[in-house]
file model32.pdb (PDB, C-alpha atoms)
ATOM      1  CA  ALA A   1     141.204 -67.745  28.570
ATOM      2  CA  GLN A   2     137.904 -67.359  30.389
ATOM      3  CA  VAL A   3     134.485 -68.649  29.363
ATOM      4  CA  ILE A   4     132.061 -65.757  29.865
ATOM      5  CA  GLY A   5     128.917 -67.425  28.502
ATOM      6  CA  ARG A   6     127.679 -70.746  27.185
ATOM      7  CA  GLY A   7     124.931 -71.433  24.684
ATOM      8  CA  TRP A   8     123.330 -74.069  22.522
ATOM      9  CA  ASN A   9     120.638 -74.129  19.832
ATOM     10  CA  HIS A  10     117.153 -74.706  21.223
ATOM     11  CA  ASP A  11     113.524 -73.647  20.887
ATOM     12  CA  PHE A  12     112.014 -70.952  23.089
ATOM     13  CA  ILE A  13     108.218 -70.748  23.380
ATOM     14  CA  LEU A  14     106.954 -67.201  22.829
ATOM     15  CA  ASP A  15     104.038 -65.449  24.510
ATOM     16  CA  ARG A  16     101.278 -65.652  21.870
ATOM     17  CA  SER A  17      99.619 -62.511  23.273
ATOM     18  CA  LYS A  18     102.685 -60.474  22.217
ATOM     19  CA  THR A  19     103.667 -62.060  18.898
ATOM     20  CA  ASN A  20     102.188 -64.032  16.042
ATOM     21  CA  LYS A  21     104.825 -66.759  16.387
ATOM     22  CA  ASN A  22     104.646 -69.812  18.652
ATOM     23  CA  LYS A  23     108.354 -70.249  19.124
ATOM     24  CA  ILE A  24     111.755 -69.006  18.079
ATOM     25  CA  VAL A  25     114.949 -70.998  17.648
ATOM     26  CA  LEU A  26     117.626 -69.466  19.834
ATOM     27  CA  HIS A  27     120.990 -70.114  18.254
ATOM     28  CA  SER A  28     123.972 -70.873  20.446
ATOM     29  CA  GLU A  29     125.449 -67.410  19.829
ATOM     30  CA  VAL A  30     122.483 -65.429  21.197
ATOM     31  CA  HIS A  31     122.047 -67.901  24.047
ATOM     32  CA  ALA A  32     125.722 -67.455  25.031
ATOM     33  CA  VAL A  33     125.414 -63.646  24.849
ATOM     34  CA  ALA A  34     122.395 -63.662  27.197
ATOM     35  CA  ASP A  35     124.155 -66.141  29.500
ATOM     36  CA  ALA A  36     127.171 -63.818  29.715
ATOM     37  CA  ILE A  37     124.945 -60.827  30.501
ATOM     38  CA  ARG A  38     123.207 -62.827  33.228
ATOM     39  CA  HIS A  39     126.483 -63.876  34.831
ATOM     40  CA  HIS A  40     128.565 -60.714  34.436
ATOM     41  CA  GLY A  41     126.097 -57.860  34.002
ATOM     42  CA  GLU A  42     125.193 -55.933  30.883
ATOM     43  CA  ASP A  43     127.601 -53.012  31.325
ATOM     44  CA  LYS A  44     130.631 -55.189  32.023
ATOM     45  CA  CYS A  45     129.808 -57.401  29.035
ATOM     46  CA  PHE A  46     129.269 -54.581  26.531
ATOM     47  CA  ASP A  47     132.032 -52.294  27.846
ATOM     48  CA  GLU A  48     134.769 -54.803  28.699
ATOM     49  CA  LEU A  49     134.132 -58.466  27.937
ATOM     50  CA  PHE A  50     132.437 -58.559  24.518
ATOM     51  CA  PRO A  51     134.930 -56.257  22.723
ATOM     52  CA  ARG A  52     137.805 -58.545  23.826
ATOM     53  CA  ALA A  53     135.901 -61.826  23.454
ATOM     54  CA  THR A  54     136.336 -64.591  20.925
ATOM     55  CA  ILE A  55     133.261 -66.729  20.377
ATOM     56  CA  MET A  56     133.852 -70.425  19.715
ATOM     57  CA  ILE A  57     131.148 -72.144  17.654
ATOM     58  CA  VAL A  58     131.360 -75.922  17.531
ATOM     59  CA  GLU A  59     129.154 -78.299  15.583
ATOM     60  CA  LEU A  60     128.702 -81.463  17.592
ATOM     61  CA  GLU A  61     128.865 -84.848  15.879
ATOM     62  CA  SER A  62     125.114 -85.355  16.237
ATOM     63  CA  ASP A  63     124.262 -82.001  14.648
ATOM     64  CA  TYR A  64     123.258 -81.874  11.008
ATOM     65  CA  GLY A  65     122.308 -79.443   8.281
ATOM     66  CA  TYR A  66     125.344 -77.178   8.222
ATOM     67  CA  ASP A  67     128.490 -77.307   6.128
ATOM     68  CA  THR A  68     130.429 -75.169   8.598
ATOM     69  CA  CYS A  69     129.661 -73.565  11.928
ATOM     70  CA  HIS A  70     130.373 -69.952  11.057
ATOM     71  CA  PRO A  71     127.686 -67.524  12.269
ATOM     72  CA  CYS A  72     124.502 -67.604  10.190
ATOM     73  CA  PRO A  73     123.174 -64.432   8.498
ATOM     74  CA  LYS A  74     121.160 -63.629  11.641
ATOM     75  CA  CYS A  75     123.899 -64.311  14.191
ATOM     76  CA  ASP A  76     126.592 -62.367  12.318
ATOM     77  CA  PRO A  77     124.831 -59.000  12.896
ATOM     78  CA  LEU A  78     123.905 -60.021  16.444
ATOM     79  CA  LEU A  79     127.550 -60.593  17.330
ATOM     80  CA  ARG A  80     128.584 -57.326  15.675
ATOM     81  CA  ALA A  81     125.768 -55.488  17.516
ATOM     82  CA  VAL A  82     127.042 -56.593  20.921
ATOM     83  CA  GLY A  83     130.685 -56.009  19.954
ATOM     84  CA  ILE A  84     131.940 -59.577  19.494
ATOM     85  CA  THR A  85     133.913 -59.610  16.250
ATOM     86  CA  ASN A  86     136.366 -62.490  16.784
ATOM     87  CA  VAL A  87     134.998 -65.924  15.863
ATOM     88  CA  LEU A  88     136.479 -69.406  15.876
ATOM     89  CA  HIS A  89     134.356 -72.121  14.272
ATOM     90  CA  THR A  90     134.706 -75.760  13.363
ATOM     91  CA  THR A  91     134.638 -77.056   9.792
ATOM     92  CA  PRO A  92     133.486 -80.366   8.281
ATOM     93  CA  ARG A  93     137.191 -81.291   7.961
ATOM     94  CA  GLY A  94     137.531 -81.176  11.731
ATOM     95  CA  THR A  95     139.632 -78.009  11.719
ATOM     96  CA  ILE A  96     139.074 -74.667  13.389
ATOM     97  CA  GLU A  97     138.884 -71.508  11.306
ATOM     98  CA  GLU A  98     139.117 -67.912  12.434
ATOM     99  CA  LEU A  99     136.708 -65.244  11.222
ATOM    100  CA  ASP A 100     136.815 -61.472  11.747
ATOM    101  CA  LEU A 101     133.373 -59.818  11.816
ATOM    102  CA  SER A 102     134.722 -56.261  12.143
ATOM    103  CA  PRO A 103     133.571 -53.656  12.498
ATOM    104  CA  ALA A 104     131.346 -53.856  15.561
ATOM    105  CA  ASN A 105     128.145 -51.857  15.116
ATOM    106  CA  ALA A 106     125.840 -51.232  18.102
ATOM    107  CA  ASN A 107     123.230 -49.723  15.750
ATOM    108  CA  MET A 108     122.499 -53.264  14.568
ATOM    109  CA  LEU A 109     120.478 -53.705  17.760
ATOM    110  CA  CYS A 110     117.776 -51.924  15.710
ATOM    111  CA  ASN A 111     117.711 -54.848  13.261
ATOM    112  CA  ILE A 112     114.661 -57.066  13.874
ATOM    113  CA  PHE A 113     116.785 -60.176  13.252
ATOM    114  CA  VAL A 114     119.042 -59.062  16.117
ATOM    115  CA  SER A 115     116.489 -57.604  18.513
ATOM    116  CA  MET A 116     113.928 -60.426  18.371
ATOM    117  CA  PRO A 117     116.237 -63.340  19.265
ATOM    118  CA  LEU A 118     118.142 -61.253  21.828
ATOM    119  CA  SER A 119     114.863 -60.174  23.406
ATOM    120  CA  ALA A 120     113.689 -63.812  23.571
ATOM    121  CA  ALA A 121     117.029 -64.965  25.024
ATOM    122  CA  CYS A 122     116.847 -62.246  27.682
ATOM    123  CA  GLN A 123     113.262 -63.248  28.516
ATOM    124  CA  GLU A 124     114.376 -66.861  28.855
ATOM    125  CA  GLN A 125     117.251 -65.872  31.172
ATOM    126  CA  LYS A 126     114.903 -63.507  33.067
ATOM    127  CA  ILE A 127     117.215 -60.546  32.538
ATOM    128  CA  ARG A 128     116.877 -57.012  31.199
ATOM    129  CA  CYS A 129     119.066 -55.540  28.493
ATOM    130  CA  LYS A 130     118.898 -51.733  28.693
ATOM    131  CA  ARG A 131     120.594 -51.356  25.329
ATOM    132  CA  LEU A 132     117.944 -53.516  23.698
ATOM    133  CA  GLU A 133     115.180 -51.594  25.456
ATOM    134  CA  ARG A 134     116.633 -48.314  24.133
ATOM    135  CA  ALA A 135     116.534 -49.838  20.638
ATOM    136  CA  GLU A 136     112.733 -50.089  20.972
ATOM    137  CA  GLY A 137     112.553 -46.619  19.428
ATOM    138  CA  CYS A 138     114.004 -47.994  16.207
ATOM    139  CA  PRO A 139     111.580 -48.883  13.416
ATOM    140  CA  ASN A 140     110.449 -52.531  13.344
ATOM    141  CA  VAL A 141     111.865 -53.429  16.767
ATOM    142  CA  PRO A 142     109.384 -55.314  18.980
ATOM    143  CA  SER A 143     109.098 -54.631  22.668
ATOM    144  CA  PRO A 144     111.252 -57.066  24.685
ATOM    145  CA  ARG A 145     108.452 -57.489  27.207
TER     146      ARG A 145
END
call {"tool": "encode", "arguments": {"input": "model32.pdb", "output": "structure tokens"}}
result
Amino acid sequence: AQVIGRGWNHDFILDRSKTNKNKIVLHSEVHAVADAIRHHGEDKCFDELFPRATIMIVELESDYGYDTCHPCPKCDPLLRAVGITNVLHTTPRGTIEELDLSPANANMLCNIFVSMPLSAACQEQKIRCKRLERAEGCPNVPSPR
């Protein structure tokens, strides 16, 4: 097994001249996706690594507010959009559960709840995502710049 990206939940301050929001919470999933793209390149991630990847989501002891650590309603489509459909997540009982998000669906990059956090995560990592930029033509997708 190889770790291709790491991520954690944190705030990212947005450019107020480009959005009406001050900040966005980047969830660990989108942060790990951007980290993988930064380390391995977009094409390798989307073509090779993401389709074979299993994402591991762990709730740390100090975290609060969640019953389980399965992907939230925003991260589920994000993972499917980039092609990651295998998930392992911790439970309140201290066990690990497996979740299948199939099928992958690259068209979900057009979903504002996918494009906005991925755009912010790419800005934070100072990387470009050509696939996200191509999704700019979709309705309701903000420019990643």
call {"tool": "residues_around", "arguments": {"input": "model32.pdb", "residues": "Asn86 (chain A)", "least_positions_apart": "4", "cutoff": "9 Å", "atoms": "only C-alpha atoms", "output": "list in words"}}
result
Pro51, Arg52, Ala53, Thr54, Ile55, Met56, Glu98, Leu99, Asp100, Leu101 and Ser102 of chain A
call {"tool": "resolve_selection", "arguments": {"input": "model32.pdb", "expression": "the PyMOL selection byres ((chain A and resi 128-133) around 9)", "output": "list in words"}}
result
Ala34, Ile37, Arg38, Glu42, Ala106, Leu109, Cys110, Ser115, Leu118, Ser119, Cys122, Gln123, Gln125, Lys126, Ile127, Arg134, Ala135, Glu136, Gly137, Ser143 and Pro144 of chain A
call {"tool": "residues_around", "arguments": {"input": "model32.pdb", "residues": "Gly5 (chain A)", "least_positions_apart": "3", "cutoff": "8 Å", "atoms": "only C-alpha atoms", "output": "MDAnalysis selection string"}}
result
chainID A and resid 32:37 39
call {"tool": "resolve_selection", "arguments": {"input": "model32.pdb", "expression": "the PyMOL selection byres ((chain A and resi 21-30) around 8)", "output": "list in words"}}
result
Arg6, Gly7, Trp8, Asn9, His10, Asp11, Phe12, Ile13, Leu14, Asp15, Arg16, Thr19, Asn20, His31, Ala32, Val33, Ala34, Ile55, Ile57, Pro71, Cys75, Leu78, Leu79, Pro117, Leu118, Ala120 and Ala121 of chain A
call {"tool": "atom_distance", "arguments": {"input": "model32.pdb", "atom1": "CA of Val114 (chain A)", "atom2": "CA of Thr95 (chain A)"}}
result
28.3 Å
call {"tool": "residues_near_point", "arguments": {"input": "model32.pdb", "point": "(132.3, -77.4, 8.1)", "cutoff": "10 Å", "atoms": "all atoms listed in the file", "output": "count of residues only"}}
result
16
call {"tool": "atom_distance", "arguments": {"input": "model32.pdb", "atom1": "CA of Cys138 (chain A)", "atom2": "CA of Val82 (chain A)"}}
result
16.3 Å
call {"tool": "atom_distance", "arguments": {"input": "model32.pdb", "atom1": "CA of Phe46 (chain A)", "atom2": "CA of Pro73 (chain A)"}}
result
21.4 Å
call {"tool": "closest_residue", "arguments": {"input": "model32.pdb", "among": "A:Val3, A:Leu60, A:Ile112, A:Asn105", "to": "His40 (chain A)", "atoms": "all atoms listed in the file"}}
result
A:Val3
call {"tool": "closest_residue", "arguments": {"input": "model32.pdb", "among": "A:Ser17, A:Phe50, A:Asn107, A:Glu124", "to": "Gly83 (chain A)", "atoms": "all atoms listed in the file"}}
result
A:Phe50
call {"tool": "axis_aligned_box", "arguments": {"input": "model32.pdb", "around": "region 27-33 of chain A", "padding_each_side": "5 Å", "output": "lines of an AutoDock Vina configuration file"}}
result
center_x = 123.4
center_y = -67.3
center_z = 21.6
size_x = 14.7
size_y = 17.2
size_z = 16.8
call {"tool": "closest_residue", "arguments": {"input": "model32.pdb", "among": "A:Ile4, A:Met116, A:Ala81, A:Cys72", "to": "Glu48 (chain A)", "atoms": "all atoms listed in the file"}}
result
A:Ile4
call {"tool": "decode", "arguments": {"input": "model32.pdb", "residues": "region 29-72 of chain A", "atoms": "N, CA and C atoms", "output": "compact mmCIF listing (two decimals), in the first residue's frame"}}
result
# COMPACT_ATOMS: atom_id res chain seq x y z
N GLU A 29 -10.87 14.96 2.70
CA GLU A 29 -10.91 14.28 1.41
C GLU A 29 -10.40 15.17 0.29
N VAL A 30 -10.92 16.40 0.18
CA VAL A 30 -10.50 17.29 -0.89
C VAL A 30 -9.05 17.74 -0.70
N HIS A 31 -8.65 17.91 0.55
CA HIS A 31 -7.26 18.28 0.83
C HIS A 31 -6.32 17.16 0.38
N ALA A 32 -6.68 15.91 0.65
CA ALA A 32 -5.85 14.76 0.24
C ALA A 32 -5.81 14.63 -1.28
N VAL A 33 -6.93 14.89 -1.96
CA VAL A 33 -6.95 14.83 -3.43
C VAL A 33 -5.99 15.87 -4.00
N ALA A 34 -6.06 17.11 -3.53
CA ALA A 34 -5.16 18.15 -4.03
C ALA A 34 -3.70 17.83 -3.69
N ASP A 35 -3.46 17.27 -2.51
CA ASP A 35 -2.10 16.89 -2.12
C ASP A 35 -1.56 15.81 -3.07
N ALA A 36 -2.39 14.86 -3.43
CA ALA A 36 -1.96 13.81 -4.37
C ALA A 36 -1.64 14.41 -5.73
N ILE A 37 -2.49 15.32 -6.21
CA ILE A 37 -2.24 15.96 -7.51
C ILE A 37 -0.93 16.72 -7.46
N ARG A 38 -0.68 17.42 -6.37
CA ARG A 38 0.57 18.18 -6.24
C ARG A 38 1.80 17.27 -6.27
N HIS A 39 1.70 16.12 -5.62
CA HIS A 39 2.86 15.23 -5.53
C HIS A 39 3.05 14.33 -6.75
N HIS A 40 1.96 13.95 -7.41
CA HIS A 40 2.08 12.94 -8.47
C HIS A 40 1.67 13.44 -9.84
N GLY A 41 1.09 14.62 -9.92
CA GLY A 41 0.62 15.16 -11.19
C GLY A 41 -0.82 14.77 -11.46
N GLU A 42 -1.53 15.69 -12.10
CA GLU A 42 -2.96 15.49 -12.35
C GLU A 42 -3.24 14.27 -13.21
N ASP A 43 -2.54 14.13 -14.33
CA ASP A 43 -2.83 13.02 -15.24
C ASP A 43 -2.59 11.66 -14.58
N LYS A 44 -1.47 11.52 -13.89
CA LYS A 44 -1.19 10.24 -13.23
C LYS A 44 -2.25 9.93 -12.17
N CYS A 45 -2.67 10.96 -11.43
CA CYS A 45 -3.68 10.75 -10.39
C CYS A 45 -5.00 10.30 -11.01
N PHE A 46 -5.51 11.06 -11.98
CA PHE A 46 -6.82 10.76 -12.55
C PHE A 46 -6.80 9.48 -13.40
N ASP A 47 -5.70 9.24 -14.12
CA ASP A 47 -5.66 8.09 -15.03
C ASP A 47 -5.25 6.79 -14.36
N GLU A 48 -4.39 6.87 -13.34
CA GLU A 48 -3.84 5.65 -12.74
C GLU A 48 -4.15 5.51 -11.24
N LEU A 49 -3.80 6.52 -10.46
CA LEU A 49 -3.83 6.38 -9.01
C LEU A 49 -5.23 6.43 -8.41
N PHE A 50 -6.03 7.43 -8.76
CA PHE A 50 -7.35 7.56 -8.15
C PHE A 50 -8.27 6.37 -8.43
N PRO A 51 -8.32 5.85 -9.68
CA PRO A 51 -9.22 4.71 -9.91
C PRO A 51 -8.87 3.46 -9.09
N ARG A 52 -7.62 3.32 -8.68
CA ARG A 52 -7.20 2.16 -7.89
C ARG A 52 -7.10 2.47 -6.40
N ALA A 53 -7.32 3.72 -6.03
CA ALA A 53 -7.09 4.17 -4.65
C ALA A 53 -8.23 3.77 -3.71
N THR A 54 -7.87 3.64 -2.46
CA THR A 54 -8.82 3.52 -1.36
C THR A 54 -8.52 4.67 -0.42
N ILE A 55 -9.53 5.49 -0.14
CA ILE A 55 -9.33 6.60 0.78
C ILE A 55 -9.66 6.12 2.19
N MET A 56 -8.83 6.50 3.13
CA MET A 56 -9.03 6.13 4.54
C MET A 56 -9.38 7.40 5.30
N ILE A 57 -10.57 7.43 5.90
CA ILE A 57 -11.03 8.60 6.64
C ILE A 57 -11.12 8.21 8.11
N VAL A 58 -10.35 8.91 8.93
CA VAL A 58 -10.25 8.58 10.34
C VAL A 58 -10.66 9.79 11.17
N GLU A 59 -11.55 9.56 12.11
CA GLU A 59 -11.91 10.61 13.07
C GLU A 59 -10.97 10.48 14.26
N LEU A 60 -10.25 11.54 14.54
CA LEU A 60 -9.33 11.52 15.66
C LEU A 60 -10.10 11.69 16.96
N GLU A 61 -9.51 11.26 18.05
CA GLU A 61 -10.17 11.30 19.36
C GLU A 61 -10.65 12.70 19.72
N SER A 62 -9.92 13.73 19.32
CA SER A 62 -10.29 15.09 19.69
C SER A 62 -11.36 15.68 18.78
N ASP A 63 -11.67 15.01 17.68
CA ASP A 63 -12.72 15.51 16.79
C ASP A 63 -14.08 15.34 17.44
N TYR A 64 -15.05 16.09 16.96
CA TYR A 64 -16.40 15.97 17.50
C TYR A 64 -17.41 16.33 16.42
N GLY A 65 -18.65 15.97 16.65
CA GLY A 65 -19.72 16.38 15.76
C GLY A 65 -20.14 15.35 14.72
N TYR A 66 -19.49 14.23 14.64
CA TYR A 66 -19.83 13.24 13.63
C TYR A 66 -20.09 11.90 14.31
N ASP A 67 -21.08 11.17 13.80
CA ASP A 67 -21.33 9.84 14.32
C ASP A 67 -20.37 8.84 13.69
N THR A 68 -20.11 9.00 12.40
CA THR A 68 -19.15 8.16 11.70
C THR A 68 -18.33 9.06 10.80
N CYS A 69 -17.32 8.52 10.19
CA CYS A 69 -16.44 9.31 9.34
C CYS A 69 -16.62 9.01 7.86
N HIS A 70 -17.78 8.49 7.47
CA HIS A 70 -17.99 8.28 6.05
C HIS A 70 -18.04 9.64 5.36
N PRO A 71 -17.80 9.68 4.04
CA PRO A 71 -17.80 10.98 3.35
C PRO A 71 -19.14 11.70 3.50
N CYS A 72 -19.06 13.00 3.71
CA CYS A 72 -20.27 13.82 3.85
C CYS A 72 -20.94 13.96 2.48
